[in-house]
Each structure stands twice: as structure tokens, then as C-alpha cells.
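File shown here: entry_27.csv, holding CSV, C-alpha atoms.
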```
chain,number,residue,atom,x,y,z
N,1,MET,CA,-57.8,110.7,-122.9
N,2,ALA,CA,-58.6,107.2,-124.0
N,3,GLU,CA,-61.1,106.8,-121.2
N,4,LYS,CA,-62.9,110.0,-122.2
N,5,GLN,CA,-63.0,108.9,-125.9
N,6,ARG,CA,-64.3,105.4,-125.0
N,7,ILE,CA,-67.1,106.9,-122.9
N,8,GLU,CA,-68.1,109.3,-125.7
N,9,TYR,CA,-68.4,106.9,-128.5
N,10,ILE,CA,-70.1,104.2,-126.4
N,11,ASP,CA,-72.7,106.7,-125.3
N,12,LEU,CA,-73.3,107.6,-128.9
N,13,MET,CA,-73.6,104.0,-129.9
N,14,LYS,CA,-76.2,103.6,-127.1
N,15,GLY,CA,-78.1,106.6,-128.5
N,16,ILE,CA,-78.1,105.1,-132.0
N,17,VAL,CA,-79.3,101.7,-130.6
N,18,ILE,CA,-82.1,103.2,-128.5
N,19,LEU,CA,-83.2,105.1,-131.6
N,20,LEU,CA,-83.4,101.8,-133.5
N,21,VAL,CA,-85.4,100.2,-130.7
N,22,VAL,CA,-87.9,103.1,-130.7
N,23,ILE,CA,-88.2,102.9,-134.5
N,24,GLY,CA,-88.8,99.2,-134.3
N,25,HIS,CA,-91.7,99.7,-131.8
N,26,CYS,CA,-93.3,102.6,-133.8
N,27,SER,CA,-94.4,100.6,-136.8
N,28,LEU,CA,-92.8,102.9,-139.3
N,29,SER,CA,-93.5,102.3,-143.0
N,30,LEU,CA,-90.0,101.3,-143.8
N,31,PRO,CA,-88.9,98.8,-146.5
N,32,GLU,CA,-89.3,95.3,-145.2
N,33,HIS,CA,-85.6,94.4,-145.9
N,34,LEU,CA,-84.4,97.5,-143.9
N,35,ARG,CA,-86.7,96.6,-141.0
N,36,HIS,CA,-85.2,93.1,-140.9
N,37,MET,CA,-81.7,94.6,-141.0
N,38,LEU,CA,-82.4,96.9,-138.0
N,39,ALA,CA,-84.1,94.0,-136.1
N,40,PHE,CA,-80.9,91.9,-136.4
N,41,ALA,CA,-78.7,94.6,-135.0
N,42,ARG,CA,-80.5,96.5,-132.2
N,43,MET,CA,-80.7,93.8,-129.5
N,44,PRO,CA,-77.3,92.2,-130.2
N,45,LEU,CA,-75.8,95.7,-130.0
N,46,PHE,CA,-77.2,96.2,-126.5
N,47,VAL,CA,-75.9,92.7,-125.6
N,48,PHE,CA,-72.5,93.5,-127.0
N,49,MET,CA,-72.2,96.8,-125.1
N,50,SER,CA,-73.4,95.2,-121.9
N,51,GLY,CA,-70.7,92.5,-122.3
N,52,LEU,CA,-68.0,95.2,-122.7
N,53,PHE,CA,-68.6,96.4,-119.2
N,54,PHE,CA,-69.4,93.0,-117.5
N,55,SER,CA,-67.5,92.3,-114.3
N,56,THR,CA,-67.2,89.3,-112.1
N,57,TYR,CA,-66.6,91.6,-109.1
N,58,GLY,CA,-63.5,89.7,-108.0
N,59,GLY,CA,-65.3,86.4,-108.1
N,60,SER,CA,-68.0,87.4,-105.6
N,61,PHE,CA,-71.3,86.0,-106.8
N,62,LYS,CA,-73.2,87.8,-104.0
N,63,GLN,CA,-71.7,91.2,-105.2
N,64,LEU,CA,-72.6,90.4,-108.8
N,65,LEU,CA,-76.1,89.4,-107.9
N,66,VAL,CA,-76.7,92.5,-105.8
N,67,LYS,CA,-75.4,94.8,-108.5
N,68,LYS,CA,-77.5,93.2,-111.2
N,69,LEU,CA,-80.6,93.2,-109.1
N,70,SER,CA,-80.2,97.0,-108.6
N,71,LYS,CA,-79.2,97.8,-112.1
N,72,LEU,CA,-81.6,95.6,-114.0
N,73,MET,CA,-84.4,93.9,-111.9
N,74,VAL,CA,-85.3,97.0,-109.8
N,75,PRO,CA,-86.0,99.0,-113.0
N,76,TYR,CA,-87.8,96.0,-114.4
N,77,ILE,CA,-90.2,95.7,-111.5
N,78,THR,CA,-90.6,99.4,-111.1
N,79,PHE,CA,-91.7,100.1,-114.6
N,80,LYS,CA,-93.9,97.1,-114.8
N,81,LEU,CA,-95.8,98.7,-111.9
N,82,VAL,CA,-95.7,102.2,-113.5
N,83,PHE,CA,-97.2,100.7,-116.6
N,84,VAL,CA,-100.0,99.2,-114.6
N,85,MET,CA,-100.8,102.5,-112.8
N,86,LEU,CA,-100.9,104.3,-116.2
N,87,LEU,CA,-103.1,101.7,-118.0
N,88,PRO,CA,-106.2,104.0,-117.9
N,89,PHE,CA,-104.2,106.5,-120.0
N,90,THR,CA,-102.4,104.1,-122.3
N,91,ASN,CA,-105.2,101.6,-123.2
N,92,GLU,CA,-108.5,102.8,-124.6
N,93,TYR,CA,-110.1,99.4,-123.7
N,94,PHE,CA,-109.0,99.6,-120.1
N,95,SER,CA,-111.2,97.9,-117.5
N,96,ILE,CA,-110.7,96.3,-114.1
N,97,GLY,CA,-111.2,92.9,-115.7
N,98,MET,CA,-108.4,93.6,-118.2
N,99,LEU,CA,-106.1,94.7,-115.3
N,100,LYS,CA,-106.9,91.5,-113.3
N,101,SER,CA,-106.2,89.4,-116.4
N,102,ILE,CA,-102.9,91.0,-117.2
N,103,VAL,CA,-101.6,90.9,-113.6
N,104,TYR,CA,-102.8,87.2,-113.3
N,105,GLN,CA,-100.8,86.3,-116.4
N,106,PHE,CA,-97.7,88.1,-115.1
N,107,LEU,CA,-97.9,86.5,-111.6
N,108,THR,CA,-98.9,83.0,-112.5
N,109,LYS,CA,-97.3,82.4,-115.9
N,110,ALA,CA,-94.2,84.6,-115.6
N,111,ASP,CA,-95.4,86.4,-118.7
N,112,ILE,CA,-92.6,88.9,-118.9
N,113,GLY,CA,-93.9,90.1,-122.3
N,114,SER,CA,-97.0,91.7,-120.9
N,115,LEU,CA,-97.0,95.0,-119.1
N,116,ASN,CA,-94.4,97.2,-121.0
N,117,THR,CA,-92.9,94.6,-123.4
N,118,PRO,CA,-89.4,96.1,-123.9
N,119,LEU,CA,-88.6,95.4,-120.3
N,120,TRP,CA,-88.0,91.7,-121.2
N,121,PHE,CA,-84.5,92.8,-122.3
N,122,LEU,CA,-83.5,93.7,-118.7
N,123,VAL,CA,-84.3,90.1,-117.8
N,124,LEU,CA,-82.2,88.9,-120.7
N,125,LEU,CA,-79.2,91.0,-119.5
N,126,PHE,CA,-79.7,89.7,-115.9
N,127,VAL,CA,-79.6,86.1,-117.2
N,128,LEU,CA,-76.6,86.8,-119.4
N,129,ALA,CA,-74.7,88.3,-116.4
N,130,LEU,CA,-75.3,85.1,-114.4
N,131,LEU,CA,-74.3,82.9,-117.4
N,132,GLY,CA,-71.2,85.0,-118.0
N,133,TYR,CA,-70.2,84.7,-114.3
N,134,GLY,CA,-70.7,80.9,-114.5
N,135,ALA,CA,-68.7,80.6,-117.7
N,136,GLU,CA,-65.8,82.7,-116.2
N,137,CYS,CA,-65.7,80.7,-113.0
N,138,LEU,CA,-65.6,77.4,-114.9
N,139,LEU,CA,-63.3,78.4,-117.7
N,140,LYS,CA,-61.0,81.2,-116.4
N,141,LYS,CA,-57.9,79.0,-116.3
N,142,HIS,CA,-58.2,78.3,-120.1
N,143,PRO,CA,-57.0,80.5,-123.0
N,144,LYS,CA,-59.5,83.1,-124.2
N,145,LEU,CA,-60.2,81.4,-127.5
N,146,VAL,CA,-60.9,78.1,-125.8
N,147,ARG,CA,-63.3,79.8,-123.4
N,148,LEU,CA,-65.1,81.4,-126.3
N,149,GLY,CA,-65.2,78.1,-128.2
N,150,VAL,CA,-66.8,76.3,-125.3
N,151,VAL,CA,-69.4,79.1,-124.9
N,152,THR,CA,-70.1,79.0,-128.6
N,153,ALA,CA,-70.6,75.3,-128.5
N,154,VAL,CA,-73.2,75.7,-125.7
N,155,SER,CA,-74.8,78.5,-127.8
N,156,PHE,CA,-75.1,76.2,-130.8
N,157,VAL,CA,-76.7,73.4,-128.8
N,158,ALA,CA,-79.2,76.0,-127.5
N,159,PHE,CA,-79.8,77.2,-131.1
N,160,LEU,CA,-80.5,73.6,-132.2
N,161,TYR,CA,-82.9,73.1,-129.3
N,162,ASN,CA,-84.6,76.3,-130.1
N,163,ASN,CA,-85.1,75.2,-133.7
N,164,TYR,CA,-86.6,71.9,-132.5
N,165,LEU,CA,-89.1,73.7,-130.3
N,166,TRP,CA,-90.2,75.9,-133.1
N,167,ASP,CA,-90.6,72.9,-135.4
N,168,SER,CA,-92.6,70.9,-132.9
N,169,CYS,CA,-95.0,73.7,-131.9
N,170,PRO,CA,-98.4,74.2,-133.7
N,171,GLU,CA,-98.3,76.8,-136.5
N,172,ASP,CA,-100.4,79.3,-134.5
N,173,VAL,CA,-98.4,78.9,-131.3
N,174,SER,CA,-94.8,80.2,-130.6
N,175,PRO,CA,-92.6,78.4,-128.1
N,176,ASP,CA,-92.2,81.4,-125.9
N,177,ARG,CA,-95.9,81.1,-125.0
N,178,ILE,CA,-95.7,77.6,-123.7
N,179,CYS,CA,-92.0,77.0,-122.7
N,180,PHE,CA,-90.9,78.4,-119.3
N,181,LEU,CA,-87.3,78.6,-120.5
N,182,TYR,CA,-88.3,81.4,-122.9
N,183,LYS,CA,-90.2,83.2,-120.2
N,184,ILE,CA,-87.1,83.6,-118.1
N,185,CYS,CA,-85.0,84.4,-121.3
N,186,LEU,CA,-82.7,81.4,-120.8
N,187,ILE,CA,-82.7,80.1,-124.3
N,188,GLN,CA,-82.4,83.5,-125.8
N,189,ALA,CA,-79.5,84.3,-123.4
N,190,LEU,CA,-77.7,81.0,-124.2
N,191,ILE,CA,-77.9,81.7,-127.9
N,192,LEU,CA,-76.5,85.2,-127.5
N,193,LEU,CA,-74.0,84.4,-124.8
N,194,PRO,CA,-70.9,84.2,-127.2
N,195,LEU,CA,-71.5,87.9,-128.1
N,196,TYR,CA,-71.7,89.0,-124.5
N,197,TYR,CA,-68.8,86.8,-123.4
N,198,ALA,CA,-66.6,87.8,-126.4
N,199,ALA,CA,-67.1,91.5,-125.7
N,200,TYR,CA,-66.0,90.9,-122.1
N,201,LEU,CA,-63.0,88.7,-123.0
N,202,PHE,CA,-61.6,91.1,-125.7
N,203,ARG,CA,-62.8,94.5,-124.5
N,204,ASP,CA,-59.2,95.7,-124.2
N,205,LYS,CA,-58.8,95.3,-127.9
N,206,ILE,CA,-62.3,96.5,-128.8
N,207,LEU,CA,-62.1,99.7,-126.7
N,208,CYS,CA,-58.5,100.6,-127.4
N,209,PRO,CA,-57.8,103.2,-130.2
N,210,HIS,CA,-58.0,101.7,-133.7
N,211,LYS,CA,-56.4,102.7,-136.9
N,212,PRO,CA,-59.0,104.5,-139.1
N,213,LEU,CA,-57.7,102.9,-142.2
N,214,TYR,CA,-58.4,99.4,-140.8
N,215,MET,CA,-61.9,100.5,-139.9
N,216,TRP,CA,-62.6,102.0,-143.3
N,217,LEU,CA,-61.4,98.8,-145.0
N,218,MET,CA,-63.8,96.7,-142.9
N,219,LEU,CA,-66.8,98.9,-143.4
N,220,PRO,CA,-67.8,97.9,-146.9
N,221,VAL,CA,-67.4,94.2,-146.0
N,222,ALA,CA,-69.7,94.7,-143.0
N,223,LEU,CA,-72.3,96.7,-145.1
N,224,VAL,CA,-72.4,94.0,-147.8
N,225,VAL,CA,-72.8,91.2,-145.3
N,226,TRP,CA,-75.4,93.0,-143.3
N,227,TYR,CA,-77.4,93.8,-146.4
N,228,PHE,CA,-77.2,90.7,-148.4
N,229,MET,CA,-77.3,88.0,-145.7
N,230,VAL,CA,-80.5,89.2,-144.2
N,231,ASP,CA,-83.2,86.9,-145.6
N,232,GLY,CA,-86.0,87.2,-143.2
N,233,PRO,CA,-87.2,88.5,-139.8
N,234,VAL,CA,-85.7,87.8,-136.4
N,235,TRP,CA,-87.5,88.0,-133.1
N,236,HIS,CA,-85.1,87.8,-130.2
N,237,PHE,CA,-87.8,87.9,-127.5
N,238,GLY,CA,-89.6,84.9,-128.9
N,239,GLY,CA,-86.4,83.0,-129.9
N,240,TYR,CA,-87.2,83.3,-133.6
N,241,PHE,CA,-83.9,83.1,-135.4
N,242,PRO,CA,-82.7,82.2,-138.9
N,243,ARG,CA,-82.0,78.5,-139.3
N,244,ASN,CA,-78.4,79.0,-140.3
N,245,TYR,CA,-76.3,79.6,-137.2
N,246,ILE,CA,-73.3,81.0,-139.1
N,247,LYS,CA,-75.4,83.4,-141.1
N,248,LEU,CA,-77.1,84.6,-137.9
N,249,TRP,CA,-73.8,85.6,-136.5
N,250,LEU,CA,-72.5,87.1,-139.7
N,251,VAL,CA,-75.5,89.4,-139.9
N,252,GLN,CA,-75.5,90.4,-136.3
N,253,LEU,CA,-71.8,91.1,-136.1
N,254,SER,CA,-71.8,93.1,-139.4
N,255,GLY,CA,-74.7,95.3,-138.1
N,256,ILE,CA,-72.8,95.8,-134.8
N,257,TYR,CA,-69.7,96.8,-136.7
N,258,VAL,CA,-71.5,99.4,-138.8
N,259,VAL,CA,-72.9,101.1,-135.7
N,260,TYR,CA,-69.6,100.8,-133.9
N,261,PHE,CA,-67.9,102.4,-136.9
N,262,VAL,CA,-70.4,105.3,-136.9
N,263,GLY,CA,-70.0,105.8,-133.2
N,264,TYR,CA,-66.2,105.6,-133.2
N,265,MET,CA,-65.8,108.0,-136.1
N,266,LEU,CA,-68.3,110.6,-134.9
N,267,LYS,CA,-67.3,110.3,-131.2
N,268,ARG,CA,-70.1,112.5,-130.0
N,269,VAL,CA,-73.4,114.0,-131.2
N,270,PRO,CA,-74.7,116.0,-128.3
N,271,TYR,CA,-78.3,115.1,-128.2
N,272,MET,CA,-77.9,111.4,-129.2
N,273,SER,CA,-74.9,111.0,-126.8
N,274,TYR,CA,-77.0,112.4,-124.0
N,275,VAL,CA,-79.9,110.1,-124.7
N,276,GLY,CA,-77.5,107.2,-125.1
N,277,ARG,CA,-76.0,107.9,-121.6
N,278,TYR,CA,-79.5,107.4,-120.2
N,279,SER,CA,-80.7,104.8,-122.7
N,280,LEU,CA,-82.2,102.7,-119.9
N,281,VAL,CA,-84.7,105.5,-119.1
N,282,VAL,CA,-85.8,105.7,-122.7
N,283,LEU,CA,-86.0,101.9,-122.9
N,284,VAL,CA,-88.3,101.6,-119.9
N,285,THR,CA,-90.5,104.6,-120.8
N,286,HIS,CA,-90.9,104.8,-124.6
N,287,ILE,CA,-93.8,102.3,-124.9
N,288,ILE,CA,-95.6,104.2,-122.2
N,289,VAL,CA,-95.1,107.5,-124.2
N,290,ILE,CA,-96.2,105.8,-127.4
N,291,LYS,CA,-99.4,104.2,-125.8
N,292,PHE,CA,-100.2,107.5,-124.1
N,293,SER,CA,-100.0,109.4,-127.4
N,294,GLU,CA,-102.2,106.9,-129.0
N,295,THR,CA,-104.9,106.5,-126.3
N,296,THR,CA,-105.0,110.0,-124.7
N,297,LEU,CA,-103.7,112.3,-127.5
N,298,HIS,CA,-105.1,110.2,-130.3
N,299,ILE,CA,-101.9,110.3,-132.4
N,300,HIS,CA,-101.4,107.2,-134.5
N,301,ASP,CA,-98.6,108.1,-136.9
N,302,GLY,CA,-95.4,106.1,-136.3
N,303,TYR,CA,-93.1,109.0,-137.3
N,304,ALA,CA,-95.0,111.3,-134.9
N,305,HIS,CA,-94.4,108.7,-132.1
N,306,VAL,CA,-90.7,108.7,-132.7
N,307,ALA,CA,-90.6,112.4,-132.6
N,308,ILE,CA,-92.7,112.5,-129.4
N,309,VAL,CA,-90.5,109.9,-127.6
N,310,PHE,CA,-87.3,111.8,-128.4
N,311,ALA,CA,-88.8,115.2,-127.7
N,312,THR,CA,-90.0,114.1,-124.2
N,313,ALA,CA,-86.9,112.0,-123.5
N,314,PRO,CA,-84.8,114.9,-121.9
N,315,ALA,CA,-87.6,115.8,-119.5
N,316,LEU,CA,-88.2,112.2,-118.5
N,317,ILE,CA,-84.5,111.6,-118.1
N,318,TRP,CA,-84.2,114.7,-115.8
N,319,LEU,CA,-87.3,113.8,-113.8
N,320,LEU,CA,-86.6,110.1,-113.3
N,321,THR,CA,-82.9,110.4,-112.6
N,322,ARG,CA,-83.4,113.3,-110.2
N,323,TYR,CA,-86.4,111.9,-108.3
N,324,MET,CA,-86.1,108.1,-108.9
N,325,PRO,CA,-82.4,107.5,-109.1
N,326,HIS,CA,-82.6,104.2,-107.2
N,327,PHE,CA,-85.2,102.9,-109.7
N,328,THR,CA,-83.4,103.9,-112.9
N,329,ALA,CA,-80.0,102.3,-112.2
N,330,GLN,CA,-78.4,105.7,-111.2
N,331,LYS,CA,-77.9,104.6,-107.6
N,332,ASP,CA,-78.0,101.2,-106.0
N,333,LEU,CA,-81.1,100.3,-104.1
N,334,ILE,CA,-79.9,96.9,-103.0
N,335,ARG,CA,-76.4,96.7,-101.5
N,336,LEU,CA,-74.1,94.8,-99.3
N,337,ASN,CA,-73.4,96.2,-95.8
N,338,GLU,CA,-70.1,96.0,-94.0
N,339,LYS,CA,-70.9,92.5,-92.8
N,340,GLY,CA,-71.7,91.3,-96.3
N,341,LYS,CA,-75.4,91.1,-95.7
N,342,ILE,CA,-77.9,92.3,-98.4
N,343,LYS,CA,-79.8,95.5,-97.5
N,344,ILE,CA,-82.1,98.0,-99.1
N,345,SER,CA,-81.1,101.6,-98.7
N,346,PHE,CA,-82.0,105.0,-100.2
N,347,THR,CA,-79.0,106.7,-98.8
N,348,ASP,CA,-75.9,107.4,-100.9
```

Mind converting the file's structure to C-alpha cells?
Amino acid sequence: MAEKQRIEYIDLMKGIVILLVVIGHCSLSLPEHLRHMLAFARMPLFVFMSGLFFSTYGGSFKQLLVKKLSKLMVPYITFKLVFVMLLPFTNEYFSIGMLKSIVYQFLTKADIGSLNTPLWFLVLLFVLALLGYGAECLLKKHPKLVRLGVVTAVSFVAFLYNNYLWDSCPEDVSPDRICFLYKICLIQALILLPLYYAAYLFRDKILCPHKPLYMWLMLPVALVVWYFMVDGPVWHFGGYFPRNYIKLWLVQLSGIYVVYFVGYMLKRVPYMSYVGRYSLVVLVTHIIVIKFSETTLHIHDGYAHVAIVFATAPALIWLLTRYMPHFTAQKDLIRLNEKGKIKISFTD
């Protein structure tokens, strides 16, 4: 019973988060403060939920690597290529010269922000999985709070280094354009690692049934912190964070709690839970749908884009999970055979 409940409200949380992601990419005319609040919550929420289900696979790095390559990097590469193939329909200024320039940037400068921008998050989760594995291997003999403290200290050092890079860059240049560590999402992953690792360490307490009274008492505190401590924008991809490390975590954790509360209390909302279950499909396709509606259908209203993305989501989920299961993390494309060697296989 607990397992069924856990799956239901986690799927609903994923559905809420992917809605926030789509809203963020549709340029809706929302109040600035609300946009900042949502930006602080959506990526950390995905990091948090990914950490809840992180596994070291019994200490086998090869098994971890193979799993994460299949679940994260295969969709990443696949939908970069899909975006390239659909460029004539998603960019009104398309030309062969543009295509060459974009591909060149991607291949020579590891510009993961080009070609379907939201896919950068799959790289972030891949790096977080590697960092989480390393942290667990090095610290597993220590108490959980000590392990989390060490990871938080590393995160804080990365945060200070990130601030230094932003301060030392020219005003019109952001560090992610010139520093390779941003391009592979290492700095962003180090800063967010405590959230990922804490979700893994304490998932038994997070996923176990909670007393509604306790959750209700925490809700107003989380709402107040989330609302009043947001004092500017955040840009996780580019490593743009508030300068106050404690405030950063208070805002992110309060936003996570509010969405967690909504998901836990509602348990299941059929459409949103379904979309949440296949949130990866929506993540990798929604920019394509938005660009197609702009370029080919000539629709430029942000609210219309949100409606189109979620109206087409069920069809895309059915199509891609049925005919491309190995490229949408439904089945493993890369596996280990009986001898422990890596293989690529389309068989179940």
C-alpha cells in the first residue's frame, strides 16, 4: 500500500514540476516575483526527486555508468539529433550555414545549451549521479549527518568559486560561455549536490507516511520563506545564484516542500500524474513543440504554447514510448552482458 501511495504522489509531483518547466520556457506574462519563485523551485525539485531514487547498484561503478548512460545520455543525444532534423520546421531563419554553425559549436565547444536547451538538465543529472556515487564510496562508513556535512562543505566551496567566476567575467559575458566546467555541468552539480545526496540518504523518512498535522504546520512556514526570501532571479544552467548560500537553500527547500505538500495531499490527479510519469518525454520534446508552433503554425502566445504542449503530450508520450522506448528511458539500450561487458541491444 505504501509503495502504491509513494509512486502516485511522486508522479504527481513530477507532473507539477514539468508544468513549471514548460511555463518557464513559454515566456508567460506572470508577475516578476512569481517567475523568480518558480525558477527557484523547478530544477531543484527534479534534482530532489532524482536523488530519492538514486542507487549505487551495490557499489558497481560499471553498472551505474551503464544505467545512467541509458536513462540520461541516450535521450540527450537522441533529442539533440531530433532537434537538428526538425530545424527547418522550428526556426524561420533556418539555413545550411546556421546548421553548420550550431553543430560546430556543439562538437567543438561542448555547447550543451544549443540544440534543444532543456536537455542540459539530463547532463546535470548524469554528473550528479557520478558525484553521488563518489561521495557514497568515500563516505559510506560515516554517519549520515557527517556525510551530508562533507558534501555541503564541498558545495559551499563550489558556490564561492562560482561567485568568483561571475565577479571576474566581463559584464556582457557569463561564465558558462567561457568555462568548460559549466559546459559539463560540474559546478552546477557540485552546488546542488547536497540536495541530491540528502534525498538519497534520508529517502526512507521522506517517502514514509507522514502525519498530515505536521505537514499542515510546516506549510505556512514554507510559503512565507519561499515568498519573502526570493529577492532576484536564478539561472541554474548558467550558474547564476543569489550570493547568500543559506538564503539559496532556504528558498529552494521551501519551494520543494510546498510542491511536495500538494503532491502528497492530492496523491493523484489523473492527467498530471500521467504526464508526470513520463515527464522525461515532455522535457525533451516541449521546446520542439513550442518552436514548431511559432515557426510553422505562427502561434506566438505563451499561454497558447502551454496549452499546445500539454494537449499534444499524451500523443507524443504514446508515440515515443511505443516506438522509441530505448531512446526515452523506458528500456535500456546500453547494458551489461553475462560476462560484464558493455553491449548495445534493442531486445528486451

List every protein, DNA or RNA residue with an atom no more than 10 Å from (-82.7, 97.9, -94.7) in the file's coordinates, counting all atoms listed in the file, and format the result as a CSV table (one decimal) with C-alpha atoms, keeping the file's coordinate frame.
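The resulting file, part_3.csv, is shown below:
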```
chain,number,residue,atom,x,y,z
N,333,LEU,CA,-81.1,100.3,-104.1
N,334,ILE,CA,-79.9,96.9,-103.0
N,335,ARG,CA,-76.4,96.7,-101.5
N,337,ASN,CA,-73.4,96.2,-95.8
N,342,ILE,CA,-77.9,92.3,-98.4
N,343,LYS,CA,-79.8,95.5,-97.5
N,344,ILE,CA,-82.1,98.0,-99.1
N,345,SER,CA,-81.1,101.6,-98.7
N,346,PHE,CA,-82.0,105.0,-100.2
```

What does the distance between atom CA of Val289 of chain N and atom CA of Lys80 of chain N come to in Å, to one decimal place?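 Separation of atom CA of Val289 of chain N and atom CA of Lys80 of chain N: 14.1 Å.
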
Can you work out the spacing between atom CA of Tyr274 of chain N and atom CA of Thr312 of chain N in Å, to one decimal?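 Between atom CA of Tyr274 of chain N and atom CA of Thr312 of chain N the gap works out to 13.1 Å.
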
Have a look at atom CA of Leu128 of chain N and atom CA of Val66 of chain N and let me know their distance in Å, one decimal.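 It comes out at 14.7 Å.
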
Do you know which residues are at most 9 Å from Ala329 of chain N counting all atoms listed in the file, after dropping those on the same chain fewer than 3 positions away, and could you put them as JSON, numbers by chain? {"N": [70, 71, 72, 74, 75, 280, 281, 321, 325, 326, 332, 333]}

Would you pick out the contacts of segment 209-223 of chain N at 8 Å or less, using all atoms listed in the file, so that residues sharing its chain but fewer than 6 positions from it are not included, and give the list as a VMD selection string? chain N and resid 2 254 to 255 257 to 258 261

Counting all atoms listed in the file, figure out which residue out of N:Met272, N:Glu171, N:Ala39, N:Pro194 gets nearest to Phe241 of chain N.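 When distances to Phe241 of chain N are compared using all atoms listed in the file, the smallest one comes from N:Ala39.
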
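Checking N:Leu320, N:Phe89, N:Val282, N:Trp120 one by one against Val306 of chain N, counting all atoms listed in the file, you find the shortest gap at N:Val282.
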
Each segment 154-201 of chain N residue no farther than 12 Å from segment 44-58 of chain N, nearest pair in Å, only C-alpha atoms, as JSON lines:
```
{"residue": "N:Gln188", "atom": "CA", "partner": "N:Pro44", "partner_atom": "CA", "distance": 11.0}
{"residue": "N:Ala189", "atom": "CA", "partner": "N:Val47", "partner_atom": "CA", "distance": 9.4}
{"residue": "N:Leu190", "atom": "CA", "partner": "N:Val47", "partner_atom": "CA", "distance": 11.9}
{"residue": "N:Ile191", "atom": "CA", "partner": "N:Pro44", "partner_atom": "CA", "distance": 10.8}
{"residue": "N:Leu192", "atom": "CA", "partner": "N:Pro44", "partner_atom": "CA", "distance": 7.5}
{"residue": "N:Leu193", "atom": "CA", "partner": "N:Val47", "partner_atom": "CA", "distance": 8.6}
{"residue": "N:Pro194", "atom": "CA", "partner": "N:Phe48", "partner_atom": "CA", "distance": 9.4}
{"residue": "N:Leu195", "atom": "CA", "partner": "N:Phe48", "partner_atom": "CA", "distance": 5.8}
{"residue": "N:Tyr196", "atom": "CA", "partner": "N:Gly51", "partner_atom": "CA", "distance": 4.3}
{"residue": "N:Tyr197", "atom": "CA", "partner": "N:Gly51", "partner_atom": "CA", "distance": 6.1}
{"residue": "N:Ala198", "atom": "CA", "partner": "N:Gly51", "partner_atom": "CA", "distance": 7.5}
{"residue": "N:Ala199", "atom": "CA", "partner": "N:Leu52", "partner_atom": "CA", "distance": 4.8}
{"residue": "N:Tyr200", "atom": "CA", "partner": "N:Leu52", "partner_atom": "CA", "distance": 4.8}
{"residue": "N:Leu201", "atom": "CA", "partner": "N:Leu52", "partner_atom": "CA", "distance": 8.2}
```

Restricting to only C-alpha atoms, whichever of N:Leu69, N:Leu336, N:Val230, N:Ile246 is closest to Leu34 of chain N is N:Val230

Residues near Leu139 of chain N, anyone? I mean within 12 Å using only C-alpha atoms, not counting same-chain ones fewer than 6 positions away, as a list of chain:residue names. N:Leu131, N:Gly132, N:Tyr133, N:Leu145, N:Val146, N:Arg147, N:Leu148, N:Gly149, N:Val150, N:Val151, N:Tyr197, N:Leu201

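Residue nearest Lys62 of chain N, chosen from N:Leu130, N:Cys208, N:Leu124, N:Leu181 and counting only C-alpha atoms: N:Leu130.
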
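Those residues that approach Ala304 of chain N to within 12 Å, counting all atoms listed in the file, are Val22, Ile23, Cys26, Ser27, Leu28, Val289, Ile290, Ser293, Glu294, Leu297, His298, Ile299, His300, Ile308, Val309, Phe310 and Ala311 of chain N; same-chain residues fewer than 4 positions away are not listed.
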
Which of N:Ile18, N:Leu115, N:Leu316, N:Leu283 sits closest to Ile102 of chain N [using all atoms listed in the file]: N:Leu115

So that I can see what lies close to Ile288 of chain N, please list as a list of chain:residue names the residues with an atom at most 9 Å from it, counting all atoms listed in the file and leaving out residues fewer than 4 positions away in the same chain.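 Final neighbour list, sorted by chain and number: N:Val82, N:Phe83, N:Leu86, N:Leu87, N:Thr90, N:Asn116, N:Val284, N:Phe292, N:Ser293.
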